[in-house]
Amino acid sequence: MGPMRNLGILAATALTAALLALGACTSAPPATPEAIATIGALSAVTVTFSDHMQQLAATDPRLATDDIAMAVTSELSAHQLYAPAAAGVHRTLAITIISFTDGLAGNTSVLGFSTRSLALVGEVQIKGDPAVAAVPFDVHARTRLTSREAGAGVGSLRELYARFAALAVADLRGVEAPEEAQR
């Protein structure tokens, strides 16, 4: 196979991935009245790290509870489930991050880019209203990060945090989580 054919295949693959990602970009519908009645609005989101995660966050500056809370708050707002100023709303979405992994997805590099597999696991629970407080549930978010930078600890975790938020809110709403955009 000649070098021009390899470039053509690579270009076709990149174009296909871009089209799939574009097709997956749809806005999520707001929460149904039943979901809002079941969960109610949430007035706050708190994110903490387990002891193990606190040690890991001390060595990886990309791990930040504020960034995770912001992603979850944004997702809740998109579904009209976040009302921090509403009178009488005193429910907190309490999230404890218990695991984070960042590993090389393969042993090859294509045009200087390497792909890493990222995973974030957290325990989610509604607190503040005994009638709504449900059993905590786990959220397992996975995504891939493609970067030219070598080693773990590089690249933004924004996509991983957004995926975690989408999965957590879908579980709260009792709906199927949206599929991750293919890259």
# chains A, B, ... in the order shown; residues from 1 in each chain; ligands from 1
call {"tool": "residues_around", "arguments": {"residues": "Arg158 of chain A", "least_positions_apart": "5", "cutoff": "9 Å", "atoms": "only C-alpha atoms", "output": "PyMOL selection string"}}
result
chain A and resi 67-68+71+163
call {"tool": "write_last_selection", "arguments": {"atoms": "N, CA and C atoms", "output": "compact mmCIF listing (two decimals), in the first residue's frame"}}
result
# COMPACT_ATOMS: atom_id res chain seq x y z
N ASP A 67 -14.63 21.77 39.15
CA ASP A 67 -14.90 21.51 37.73
C ASP A 67 -15.98 20.45 37.55
N ILE A 68 -15.95 19.43 38.39
CA ILE A 68 -16.97 18.38 38.32
C ILE A 68 -18.32 18.96 38.73
N ALA A 71 -19.79 21.03 35.95
CA ALA A 71 -20.34 20.21 34.87
C ALA A 71 -21.70 19.64 35.25
N ARG A 163 -19.30 13.96 30.55
CA ARG A 163 -19.89 12.63 30.41
C ARG A 163 -20.40 12.14 31.77
call {"tool": "atom_distance", "arguments": {"atom1": "atom CA of Thr96 of chain A", "atom2": "atom CA of Leu76 of chain A"}}
result
17.2 Å
call {"tool": "residues_around", "arguments": {"residues": "Arg116 of chain A", "least_positions_apart": "4", "cutoff": "7 Å", "atoms": "only C-alpha atoms", "output": "mmCIF file with C-alpha atoms, in the first residue's frame"}}
result
data_model
loop_
_atom_site.group_PDB
_atom_site.id
_atom_site.type_symbol
_atom_site.label_atom_id
_atom_site.label_comp_id
_atom_site.auth_asym_id
_atom_site.auth_seq_id
_atom_site.Cartn_x
_atom_site.Cartn_y
_atom_site.Cartn_z
ATOM 1 C CA ASP A 102 -5.972 7.358 33.017
ATOM 2 C CA GLY A 103 -4.303 4.754 30.819
ATOM 3 C CA LEU A 104 -2.843 4.562 27.356
ATOM 4 C CA ALA A 105 -5.497 3.161 24.986
ATOM 5 C CA ARG A 144 -11.056 8.852 25.384
ATOM 6 C CA LEU A 145 -8.599 11.708 25.185
ATOM 7 C CA THR A 146 -6.446 12.201 22.119
#
call {"tool": "atom_distance", "arguments": {"atom1": "atom CA of Gln80 of chain A", "atom2": "atom CA of Val121 of chain A"}}
result
24.4 Å
call {"tool": "residues_around", "arguments": {"residues": "Tyr161 of chain A", "least_positions_apart": "6", "cutoff": "12 Å", "atoms": "only C-alpha atoms", "output": "ChimeraX atom specification"}}
result
/A:47,62-75,97,100,118-122,139-144,167-168
call {"tool": "closest_residue", "arguments": {"among": "A:Leu93, A:Ala78, A:Ile98, A:Leu42", "to": "Ala57 of chain A", "atoms": "only C-alpha atoms"}}
result
A:Ile98
call {"tool": "select_by_dssp", "arguments": {"residues": "segment 48-93 of chain A", "states": "strand (DSSP E or B)", "output": "list in words"}}
result
Thr48, Phe49, Tyr82, Thr92 and Leu93 of chain A
call {"tool": "write_last_selection", "arguments": {"atoms": "N, CA and C atoms", "output": "JSON list (two decimals), in the first residue's frame"}}
result
[["chain", "number", "residue", "atom", "x", "y", "z"],
["A", 48, "THR", "N", -17.01, 15.81, 46.56],
["A", 48, "THR", "CA", -15.86, 15.55, 47.42],
["A", 48, "THR", "C", -15.08, 14.38, 46.83],
["A", 49, "PHE", "N", -13.85, 14.27, 47.24],
["A", 49, "PHE", "CA", -13.01, 13.14, 46.84],
["A", 49, "PHE", "C", -12.85, 12.18, 48.01],
["A", 82, "TYR", "N", -32.19, 22.51, 38.41],
["A", 82, "TYR", "CA", -31.31, 23.22, 39.33],
["A", 82, "TYR", "C", -31.95, 24.57, 39.66],
["A", 92, "THR", "N", -29.64, 18.78, 48.16],
["A", 92, "THR", "CA", -28.27, 18.83, 47.65],
["A", 92, "THR", "C", -27.97, 17.52, 46.93],
["A", 93, "LEU", "N", -27.33, 17.64, 45.81],
["A", 93, "LEU", "CA", -26.83, 16.45, 45.11],
["A", 93, "LEU", "C", -25.41, 16.26, 45.61]]
call {"tool": "atom_distance", "arguments": {"atom1": "atom CA of Leu172 of chain A", "atom2": "atom CA of Ala44 of chain A"}}
result
14.6 Å
call {"tool": "closest_residue", "arguments": {"among": "A:Ser156, A:Gln125, A:Ser43, A:Thr115", "to": "Leu81 of chain A", "atoms": "only C-alpha atoms"}}
result
A:Ser43
call {"tool": "decode", "arguments": {"residues": "segment 65-78 of chain A", "atoms": "N, CA and C atoms", "output": "PDB file, in the first residue's frame"}}
result
ATOM      1  N   THR A  65     -12.648  19.244  42.170  1.00  0.00           N
ATOM      2  CA  THR A  65     -14.052  19.071  42.556  1.00  0.00           C
ATOM      3  C   THR A  65     -14.926  20.188  41.988  1.00  0.00           C
ATOM      4  N   ASP A  66     -14.397  21.408  41.930  1.00  0.00           N
ATOM      5  CA  ASP A  66     -15.180  22.534  41.400  1.00  0.00           C
ATOM      6  C   ASP A  66     -15.542  22.317  39.935  1.00  0.00           C
ATOM      7  N   ASP A  67     -14.627  21.765  39.148  1.00  0.00           N
ATOM      8  CA  ASP A  67     -14.901  21.513  37.728  1.00  0.00           C
ATOM      9  C   ASP A  67     -15.981  20.447  37.546  1.00  0.00           C
ATOM     10  N   ILE A  68     -15.946  19.435  38.390  1.00  0.00           N
ATOM     11  CA  ILE A  68     -16.965  18.381  38.321  1.00  0.00           C
ATOM     12  C   ILE A  68     -18.321  18.956  38.731  1.00  0.00           C
ATOM     13  N   ALA A  69     -18.336  19.726  39.818  1.00  0.00           N
ATOM     14  CA  ALA A  69     -19.589  20.337  40.282  1.00  0.00           C
ATOM     15  C   ALA A  69     -20.160  21.269  39.212  1.00  0.00           C
ATOM     16  N   MET A  70     -19.300  22.012  38.536  1.00  0.00           N
ATOM     17  CA  MET A  70     -19.762  22.919  37.491  1.00  0.00           C
ATOM     18  C   MET A  70     -20.383  22.149  36.323  1.00  0.00           C
ATOM     19  N   ALA A  71     -19.789  21.028  35.951  1.00  0.00           N
ATOM     20  CA  ALA A  71     -20.337  20.208  34.866  1.00  0.00           C
ATOM     21  C   ALA A  71     -21.703  19.643  35.254  1.00  0.00           C
ATOM     22  N   VAL A  72     -21.837  19.166  36.474  1.00  0.00           N
ATOM     23  CA  VAL A  72     -23.111  18.594  36.936  1.00  0.00           C
ATOM     24  C   VAL A  72     -24.164  19.697  37.061  1.00  0.00           C
ATOM     25  N   THR A  73     -23.795  20.838  37.602  1.00  0.00           N
ATOM     26  CA  THR A  73     -24.726  21.963  37.722  1.00  0.00           C
ATOM     27  C   THR A  73     -25.223  22.398  36.351  1.00  0.00           C
ATOM     28  N   SER A  74     -24.325  22.456  35.399  1.00  0.00           N
ATOM     29  CA  SER A  74     -24.699  22.841  34.031  1.00  0.00           C
ATOM     30  C   SER A  74     -25.688  21.840  33.433  1.00  0.00           C
ATOM     31  N   GLU A  75     -25.439  20.563  33.641  1.00  0.00           N
ATOM     32  CA  GLU A  75     -26.333  19.519  33.115  1.00  0.00           C
ATOM     33  C   GLU A  75     -27.698  19.575  33.812  1.00  0.00           C
ATOM     34  N   LEU A  76     -27.708  19.790  35.118  1.00  0.00           N
ATOM     35  CA  LEU A  76     -28.978  19.933  35.842  1.00  0.00           C
ATOM     36  C   LEU A  76     -29.750  21.148  35.332  1.00  0.00           C
ATOM     37  N   SER A  77     -29.067  22.244  35.106  1.00  0.00           N
ATOM     38  CA  SER A  77     -29.703  23.462  34.597  1.00  0.00           C
ATOM     39  C   SER A  77     -30.301  23.229  33.222  1.00  0.00           C
ATOM     40  N   ALA A  78     -29.599  22.474  32.386  1.00  0.00           N
ATOM     41  CA  ALA A  78     -30.091  22.187  31.038  1.00  0.00           C
ATOM     42  C   ALA A  78     -31.410  21.415  31.088  1.00  0.00           C
TER      43      ALA A  78
END
